[in-house]
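Student: start_3.cif is the file, holding mmCIF, C-alpha atoms:
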data_structure
#
loop_
_atom_site.group_PDB
_atom_site.id
_atom_site.type_symbol
_atom_site.label_atom_id
_atom_site.label_comp_id
_atom_site.auth_asym_id
_atom_site.auth_seq_id
_atom_site.Cartn_x
_atom_site.Cartn_y
_atom_site.Cartn_z
ATOM 1 C CA MET A 1 181.622 126.604 77.569
ATOM 2 C CA TYR A 2 179.173 125.575 80.229
ATOM 3 C CA LEU A 3 175.463 125.189 79.908
ATOM 4 C CA THR A 4 174.795 127.427 82.913
ATOM 5 C CA SER A 5 176.175 130.512 81.156
ATOM 6 C CA TYR A 6 173.679 130.124 78.330
ATOM 7 C CA LEU A 7 170.852 129.463 80.773
ATOM 8 C CA ALA A 8 171.808 132.571 82.757
ATOM 9 C CA LEU A 9 171.848 134.705 79.604
ATOM 10 C CA ALA A 10 168.427 133.353 78.639
ATOM 11 C CA ALA A 11 167.107 134.092 82.135
ATOM 12 C CA ILE A 12 168.363 137.686 81.952
ATOM 13 C CA LEU A 13 166.748 138.235 78.543
ATOM 14 C CA PHE A 14 163.494 136.646 79.716
ATOM 15 C CA CYS A 15 163.362 138.905 82.766
ATOM 16 C CA ILE A 16 164.015 142.009 80.650
ATOM 17 C CA GLY A 17 161.164 140.974 78.363
ATOM 18 C CA LEU A 18 158.894 140.372 81.353
ATOM 19 C CA TYR A 19 159.719 143.787 82.785
ATOM 20 C CA GLY A 20 159.011 145.345 79.384
ATOM 21 C CA ILE A 21 155.587 143.676 79.256
ATOM 22 C CA LEU A 22 154.723 144.857 82.749
ATOM 23 C CA THR A 23 155.772 148.483 82.269
ATOM 24 C CA LYS A 24 155.543 149.480 78.586
ATOM 25 C CA ARG A 25 152.448 151.359 77.485
ATOM 26 C CA ASN A 26 152.855 151.249 73.706
ATOM 27 C CA ALA A 27 151.156 148.149 72.320
ATOM 28 C CA VAL A 28 153.819 147.557 69.647
ATOM 29 C CA MET A 29 156.427 147.457 72.386
ATOM 30 C CA LEU A 30 154.351 144.872 74.244
ATOM 31 C CA LEU A 31 154.481 142.632 71.166
ATOM 32 C CA PHE A 32 158.221 143.227 70.943
ATOM 33 C CA SER A 33 158.685 142.201 74.581
ATOM 34 C CA VAL A 34 156.837 138.954 73.898
ATOM 35 C CA GLU A 35 159.239 138.286 71.021
ATOM 36 C CA LEU A 36 162.187 138.886 73.360
ATOM 37 C CA MET A 37 160.830 136.352 75.853
ATOM 38 C CA LEU A 38 160.263 133.806 73.082
ATOM 39 C CA ASN A 39 163.859 134.333 71.976
ATOM 40 C CA ALA A 40 165.099 133.620 75.477
ATOM 41 C CA VAL A 41 163.176 130.345 75.507
ATOM 42 C CA ASN A 42 164.602 129.456 72.082
ATOM 43 C CA LEU A 43 168.087 130.049 73.430
ATOM 44 C CA ASN A 44 167.381 127.601 76.267
ATOM 45 C CA LEU A 45 166.188 124.966 73.800
ATOM 46 C CA VAL A 46 169.231 125.320 71.564
ATOM 47 C CA ALA A 47 171.630 125.307 74.521
ATOM 48 C CA PHE A 48 170.121 122.080 75.834
ATOM 49 C CA SER A 49 170.145 120.538 72.370
ATOM 50 C CA ARG A 50 173.889 121.186 72.144
ATOM 51 C CA LEU A 51 175.179 120.896 75.709
ATOM 52 C CA GLY A 52 172.471 118.996 77.533
ATOM 53 C CA PHE A 53 172.753 115.486 78.892
ATOM 54 C CA TYR A 54 171.371 114.009 75.691
ATOM 55 C CA PRO A 55 172.663 116.264 72.918
ATOM 56 C CA ASN A 56 170.194 115.994 70.126
ATOM 57 C CA VAL A 57 169.133 117.803 66.984
ATOM 58 C CA GLU A 58 165.489 117.766 68.009
ATOM 59 C CA GLY A 59 165.923 120.761 70.290
ATOM 60 C CA GLN A 60 166.606 122.820 67.189
ATOM 61 C CA ILE A 61 163.490 121.395 65.522
ATOM 62 C CA PHE A 62 161.386 122.638 68.442
ATOM 63 C CA THR A 63 162.997 126.030 68.003
ATOM 64 C CA PHE A 64 161.900 126.133 64.360
ATOM 65 C CA PHE A 65 158.323 125.512 65.398
ATOM 66 C CA THR A 66 158.586 128.209 68.066
ATOM 67 C CA ILE A 67 159.866 130.684 65.477
ATOM 68 C CA THR A 68 156.983 129.791 63.167
ATOM 69 C CA VAL A 69 154.402 130.346 65.883
ATOM 70 C CA ALA A 70 156.103 133.584 66.945
ATOM 71 C CA ALA A 71 155.965 134.919 63.386
ATOM 72 C CA ALA A 72 152.262 134.059 63.106
ATOM 73 C CA GLU A 73 151.626 135.668 66.490
ATOM 74 C CA ALA A 74 153.425 138.867 65.504
ATOM 75 C CA ALA A 75 151.458 139.167 62.256
ATOM 76 C CA VAL A 76 148.048 138.585 63.841
ATOM 77 C CA GLY A 77 148.898 140.762 66.851
ATOM 78 C CA LEU A 78 149.904 143.634 64.606
ATOM 79 C CA ALA A 79 146.724 143.263 62.527
ATOM 80 C CA ILE A 80 144.589 143.399 65.681
ATOM 81 C CA LEU A 81 146.587 146.421 66.838
ATOM 82 C CA ILE A 82 145.987 148.266 63.570
ATOM 83 C CA ALA A 83 142.259 147.493 63.685
ATOM 84 C CA LEU A 84 142.149 148.776 67.271
ATOM 85 C CA TYR A 85 144.123 151.878 66.329
ATOM 86 C CA ARG A 86 141.634 152.647 63.605
ATOM 87 C CA LYS A 87 138.843 152.453 66.160
ATOM 88 C CA LYS A 88 140.427 154.140 69.193
ATOM 89 C CA GLU A 89 142.986 156.460 67.519
ATOM 90 C CA THR A 90 145.731 155.524 69.954
ATOM 91 C CA ALA A 91 148.440 152.892 70.340
ATOM 92 C CA GLU A 92 148.678 153.099 74.115
ATOM 93 C CA ALA A 93 147.597 149.815 75.620
ATOM 94 C CA ASP A 94 146.052 151.374 78.712
ATOM 95 C CA GLN A 95 143.553 153.276 76.543
ATOM 96 C CA TYR A 96 142.026 150.026 75.297
ATOM 97 C CA ASN A 97 139.505 149.835 78.102
ATOM 98 C CA SER A 98 136.154 149.488 76.363
ATOM 99 C CA MET A 99 135.374 146.203 78.125
ATOM 100 C CA LYS A 100 135.776 147.912 81.473
ATOM 101 C CA GLY A 101 132.441 147.913 83.283
ATOM 102 C CA MET B 1 187.718 127.184 74.720
ATOM 103 C CA ASN B 2 189.108 130.594 75.525
ATOM 104 C CA ALA B 3 188.112 132.122 72.211
ATOM 105 C CA GLU B 4 184.657 130.622 72.634
ATOM 106 C CA PHE B 5 184.351 132.224 76.065
ATOM 107 C CA LEU B 6 185.458 135.589 74.652
ATOM 108 C CA ALA B 7 182.955 135.389 71.806
ATOM 109 C CA PHE B 8 180.199 134.371 74.208
ATOM 110 C CA SER B 9 181.010 137.292 76.520
ATOM 111 C CA ILE B 10 180.978 139.865 73.723
ATOM 112 C CA LEU B 11 177.786 138.514 72.164
ATOM 113 C CA SER B 12 175.951 138.274 75.458
ATOM 114 C CA VAL B 13 176.979 141.813 76.397
ATOM 115 C CA PHE B 14 175.615 142.965 73.013
ATOM 116 C CA ALA B 15 172.373 141.043 73.527
ATOM 117 C CA ILE B 16 171.774 142.278 77.068
ATOM 118 C CA GLY B 17 172.851 145.805 76.147
ATOM 119 C CA GLY B 18 170.385 145.878 73.256
ATOM 120 C CA ALA B 19 167.614 144.634 75.515
ATOM 121 C CA VAL B 20 168.403 147.199 78.243
ATOM 122 C CA PHE B 21 168.518 149.986 75.655
ATOM 123 C CA PHE B 22 165.157 148.694 74.428
ATOM 124 C CA LEU B 23 163.764 149.286 77.906
ATOM 125 C CA ASN B 24 165.252 152.745 78.346
ATOM 126 C CA ALA B 25 165.254 154.380 74.905
ATOM 127 C CA GLY B 26 163.199 157.516 74.569
ATOM 128 C CA LYS B 27 161.880 157.087 71.059
ATOM 129 C CA VAL B 28 159.887 154.086 69.939
ATOM 130 C CA MET B 29 161.941 153.689 66.760
ATOM 131 C CA HIS B 30 165.175 153.499 68.772
ATOM 132 C CA MET B 31 163.650 150.691 70.798
ATOM 133 C CA ALA B 32 162.888 148.733 67.621
ATOM 134 C CA ILE B 33 166.461 149.138 66.349
ATOM 135 C CA ALA B 34 167.887 148.114 69.743
ATOM 136 C CA LEU B 35 165.809 144.960 69.786
ATOM 137 C CA ALA B 36 166.830 144.105 66.213
ATOM 138 C CA PHE B 37 170.421 144.364 67.458
ATOM 139 C CA THR B 38 169.603 141.919 70.257
ATOM 140 C CA PHE B 39 168.163 139.485 67.710
ATOM 141 C CA PHE B 40 171.364 139.721 65.657
ATOM 142 C CA SER B 41 173.487 138.973 68.724
ATOM 143 C CA LEU B 42 171.330 135.959 69.499
ATOM 144 C CA ALA B 43 171.975 134.707 65.967
ATOM 145 C CA GLY B 44 175.691 134.941 66.781
ATOM 146 C CA ILE B 45 175.132 132.921 69.945
ATOM 147 C CA TYR B 46 173.337 130.258 67.907
ATOM 148 C CA LEU B 47 176.421 130.126 65.674
ATOM 149 C CA LEU B 48 178.479 129.601 68.817
ATOM 150 C CA LEU B 49 176.232 126.683 69.713
ATOM 151 C CA GLN B 50 176.898 125.250 66.235
ATOM 152 C CA ALA B 51 173.348 125.718 65.042
ATOM 153 C CA GLU B 52 174.239 127.422 61.782
ATOM 154 C CA PHE B 53 170.933 126.928 60.024
ATOM 155 C CA LEU B 54 169.071 128.229 63.039
ATOM 156 C CA ALA B 55 171.301 131.314 63.088
ATOM 157 C CA VAL B 56 170.401 132.050 59.465
ATOM 158 C CA VAL B 57 166.715 131.509 60.222
ATOM 159 C CA GLN B 58 167.002 133.844 63.207
ATOM 160 C CA VAL B 59 168.497 136.598 61.066
ATOM 161 C CA LEU B 60 165.899 136.092 58.333
ATOM 162 C CA VAL B 61 162.802 135.819 60.499
ATOM 163 C CA TYR B 62 163.568 137.934 63.553
ATOM 164 C CA ALA B 63 166.118 140.539 62.531
ATOM 165 C CA GLY B 64 164.669 140.748 59.046
ATOM 166 C CA GLY B 65 160.998 139.915 59.210
ATOM 167 C CA ILE B 66 159.598 140.643 62.637
ATOM 168 C CA SER B 67 161.648 143.800 63.220
ATOM 169 C CA ILE B 68 160.500 145.273 59.918
ATOM 170 C CA LEU B 69 156.914 144.249 60.664
ATOM 171 C CA MET B 70 157.111 146.021 64.006
ATOM 172 C CA ILE B 71 158.633 149.122 62.418
ATOM 173 C CA PHE B 72 155.684 149.133 60.004
ATOM 174 C CA GLY B 73 153.413 148.851 63.016
ATOM 175 C CA ILE B 74 155.115 151.782 64.727
ATOM 176 C CA MET B 75 154.857 153.928 61.614
ATOM 177 C CA LEU B 76 151.211 153.031 61.008
ATOM 178 C CA THR B 77 150.129 153.789 64.550
ATOM 179 C CA LYS B 78 151.976 157.060 65.157
ATOM 180 C CA PRO B 79 153.116 156.721 68.753
ATOM 181 C CA GLU B 80 152.863 159.827 70.895
ATOM 182 C CA GLU B 81 156.476 160.874 71.255
ATOM 183 C CA GLY B 82 155.905 163.351 73.998
ATOM 184 C CA ALA B 83 153.801 160.887 75.916
ATOM 185 C CA PRO B 84 153.616 161.773 79.574
ATOM 186 C CA SER B 85 156.519 159.736 80.871
ATOM 187 C CA ARG B 86 155.273 159.806 84.376
ATOM 188 C CA SER B 87 158.157 159.446 86.741
ATOM 189 C CA PHE B 88 158.727 156.094 88.333
ATOM 190 C CA GLN B 89 155.330 155.149 89.651
ATOM 191 C CA TYR B 90 154.400 152.610 92.277
ATOM 192 C CA HIS B 91 153.227 150.340 89.462
ATOM 193 C CA GLN B 92 156.735 150.218 88.026
ATOM 194 C CA TRP B 93 158.245 149.559 91.443
ATOM 195 C CA ILE B 94 155.907 146.597 91.887
ATOM 196 C CA SER B 95 156.872 145.269 88.445
ATOM 197 C CA LEU B 96 160.550 145.708 89.205
ATOM 198 C CA ALA B 97 160.219 143.881 92.522
ATOM 199 C CA THR B 98 158.283 141.022 90.891
ATOM 200 C CA VAL B 99 160.761 140.609 88.062
ATOM 201 C CA THR B 100 163.733 140.789 90.403
ATOM 202 C CA GLY B 101 162.230 138.128 92.648
ATOM 203 C CA PHE B 102 161.544 135.896 89.655
ATOM 204 C CA PHE B 103 165.086 136.448 88.372
ATOM 205 C CA VAL B 104 166.665 135.571 91.723
ATOM 206 C CA ILE B 105 164.608 132.383 91.933
ATOM 207 C CA ILE B 106 165.574 131.321 88.400
ATOM 208 C CA MET B 107 169.260 132.042 88.915
ATOM 209 C CA THR B 108 169.291 130.142 92.211
ATOM 210 C CA ILE B 109 167.717 127.152 90.508
ATOM 211 C CA ILE B 110 170.114 127.323 87.563
ATOM 212 C CA TYR B 111 173.226 127.518 89.673
ATOM 213 C CA GLN B 112 172.173 124.960 92.272
ATOM 214 C CA THR B 113 171.001 122.231 89.954
ATOM 215 C CA PRO B 114 173.789 119.812 89.124
ATOM 216 C CA ILE B 115 173.809 119.896 85.339
ATOM 217 C CA LEU B 116 175.389 116.853 83.799
ATOM 218 C CA THR B 117 177.300 117.484 80.656
ATOM 219 C CA PRO B 118 178.389 114.473 78.655
ATOM 220 C CA ALA B 119 182.069 114.467 77.904
ATOM 221 C CA GLY B 120 183.156 114.428 74.329
ATOM 222 C CA LYS B 121 179.888 113.298 72.807
ATOM 223 C CA GLU B 122 179.513 115.660 69.900
ATOM 224 C CA THR B 123 176.446 115.808 67.747
ATOM 225 C CA SER B 124 176.924 117.559 64.481
ATOM 226 C CA ALA B 125 173.623 119.160 63.633
ATOM 227 C CA SER B 126 174.153 119.668 59.950
ATOM 228 C CA VAL B 127 171.470 121.091 57.722
ATOM 229 C CA LYS B 128 171.121 117.647 56.192
ATOM 230 C CA SER B 129 170.341 115.925 59.489
ATOM 231 C CA ILE B 130 167.962 118.708 60.480
ATOM 232 C CA GLY B 131 166.131 118.336 57.184
ATOM 233 C CA SER B 132 165.910 114.569 57.424
ATOM 234 C CA ILE B 133 164.551 114.692 60.989
ATOM 235 C CA LEU B 134 162.150 117.510 60.168
ATOM 236 C CA PHE B 135 160.683 115.759 57.148
ATOM 237 C CA LYS B 136 160.723 112.207 58.517
ATOM 238 C CA ASN B 137 159.907 112.335 62.209
ATOM 239 C CA TYR B 138 158.153 115.673 62.328
ATOM 240 C CA ALA B 139 156.318 115.719 59.010
ATOM 241 C CA ILE B 140 152.841 116.187 60.511
ATOM 242 C CA PRO B 141 153.837 119.057 62.857
ATOM 243 C CA PHE B 142 155.590 120.642 59.881
ATOM 244 C CA GLU B 143 152.403 120.538 57.808
ATOM 245 C CA LEU B 144 150.400 121.845 60.766
ATOM 246 C CA ALA B 145 152.858 124.740 61.059
ATOM 247 C CA SER B 146 152.307 125.576 57.409
ATOM 248 C CA ILE B 147 148.527 125.540 57.955
ATOM 249 C CA LEU B 148 149.026 127.813 60.975
ATOM 250 C CA LEU B 149 150.996 130.248 58.840
ATOM 251 C CA LEU B 150 148.285 130.226 56.173
ATOM 252 C CA VAL B 151 145.600 130.893 58.790
ATOM 253 C CA ALA B 152 147.672 133.703 60.288
ATOM 254 C CA LEU B 153 148.182 135.228 56.839
ATOM 255 C CA ILE B 154 144.483 135.214 55.973
ATOM 256 C CA GLY B 155 143.495 136.263 59.481
ATOM 257 C CA ALA B 156 145.872 139.218 59.460
ATOM 258 C CA ILE B 157 144.485 140.417 56.124
ATOM 259 C CA VAL B 158 140.878 140.033 57.282
ATOM 260 C CA LEU B 159 141.547 141.781 60.602
ATOM 261 C CA ALA B 160 143.487 144.712 59.220
ATOM 262 C CA ARG B 161 141.270 145.320 56.188
ATOM 263 C CA LYS B 162 139.308 148.497 56.193
ATOM 264 C CA GLU B 163 135.615 147.768 56.517
ATOM 265 C CA GLN B 164 133.670 149.136 53.610
ATOM 266 C CA LYS B 165 129.973 149.588 53.716
#
Re-express the file's structure as structure tokens.
Tutor:
Amino acid sequence: MYLTSYLALAAILFCIGLYGILTKRNAVMLLFSVELMLNAVNLNLVAFSRLGFYPNVEGQIFTFFTITVAAAEAAVGLAILIALYRKKETAEADQYNSMKG
Amino acid sequence: MNAEFLAFSILSVFAIGGAVFFLNAGKVMHMAIALAFTFFSLAGIYLLLQAEFLAVVQVLVYAGGISILMIFGIMLTKPEEGAPSRSFQYHQWISLATVTGFFVIIMTIIYQTPILTPAGKETSASVKSIGSILFKNYAIPFELASILLLVALIGAIVLARKEQK
């Protein structure tokens, strides 16, 4: 199995996540799209750690740290979203415009 | 080799299909389930790459933890189901063009770069070796990650708490 197949799959998933971020209006879905992009990057790291020029376990270690940071990001992002929802009564990201001049 | 290719094809079709359904589903809850499916398929791909421990972590954290957290978020924020799904606007066309351009650039780079693959050099990433590297070489980042998780935990509670006067 070649490395390029895994890289191509990761690129496809990353682009789908990017498109989701650019077009979704629900804030929870924005957070979900970020998670999808982070997963694509993780897949790249693991593929290189297995099939790269220097196969090494450390690629997986980086992935663990990425997963940790992603979990923290999801928790804090959701808390901010709930606080905002309590204030603005909506979950649509384009309604959060109170800093607009 | 052949079986590996077959498994990779099926799993990648599942992953991409889940992600595409995530983009197109009508209800927010369906999107969450579709993305959980994508996370499961990615765990299978990690198994294919012989990262067993990582596959288990993926199922636990992503398919289990983050998906459920997001479903809680969806239920707590009551998304407008009948939201005005304005037909394809110019904004979405611009996004589509940008993403397509980015995708073409990435794929060109991936397929034109000569990627050297070492022949026959297998590294067995057992749980034992992962643990020994994580706790010997990466002990300080590991502790920092635990502090980050603690800060995120407290911060999430403080942010989401109802303010009482």
Student: Give as a list of chain:residue names every residue of chain A that touches chain B within 6 Å, counting only C-alpha atoms.
Tutor: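 Every residue of chain A that passes the 6 Å test is in A:Gly52, A:Phe53, A:Val57, A:Ala72, A:Val76, A:Ala79, A:Ala83.
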Student: Next, dump the selected residues to file, keeping only C-alpha atoms, as an mmCIF file, keeping the file's coordinate frame.
Tutor:
data_model
loop_
_atom_site.group_PDB
_atom_site.id
_atom_site.type_symbol
_atom_site.label_atom_id
_atom_site.label_comp_id
_atom_site.auth_asym_id
_atom_site.auth_seq_id
_atom_site.Cartn_x
_atom_site.Cartn_y
_atom_site.Cartn_z
ATOM 1 C CA GLY A 52 172.471 118.996 77.533
ATOM 2 C CA PHE A 53 172.753 115.486 78.892
ATOM 3 C CA VAL A 57 169.133 117.803 66.984
ATOM 4 C CA ALA A 72 152.262 134.059 63.106
ATOM 5 C CA VAL A 76 148.048 138.585 63.841
ATOM 6 C CA ALA A 79 146.724 143.263 62.527
ATOM 7 C CA ALA A 83 142.259 147.493 63.685
#
Student: So how many Å separate CA of Val46 (chain A) and CA of Phe135 (chain B), to one decimal?
Tutor: 19.3 Å
Student: Suppose you want the space between CA of Gln95 (chain A) and CA of Val28 (chain A); what is it in Å?
Tutor: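 It comes out at 13.6 Å.
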Student: Would you mind listing what lies within 9 Å of Lys24 (chain A) as a list in words, with only C-alpha atoms counted and same-chain residues fewer than 6 positions away left out?
Tutor: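 Everything that qualifies: Leu30, Ser33, Glu92 and Ala93 of chain A; Leu23 of chain B.
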Student: To one decimal place, how far is CA of Leu81 (chain A) from CA of Asn97 (chain A) in Å?
Tutor: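 Here the two named atoms are 13.7 Å from each other.
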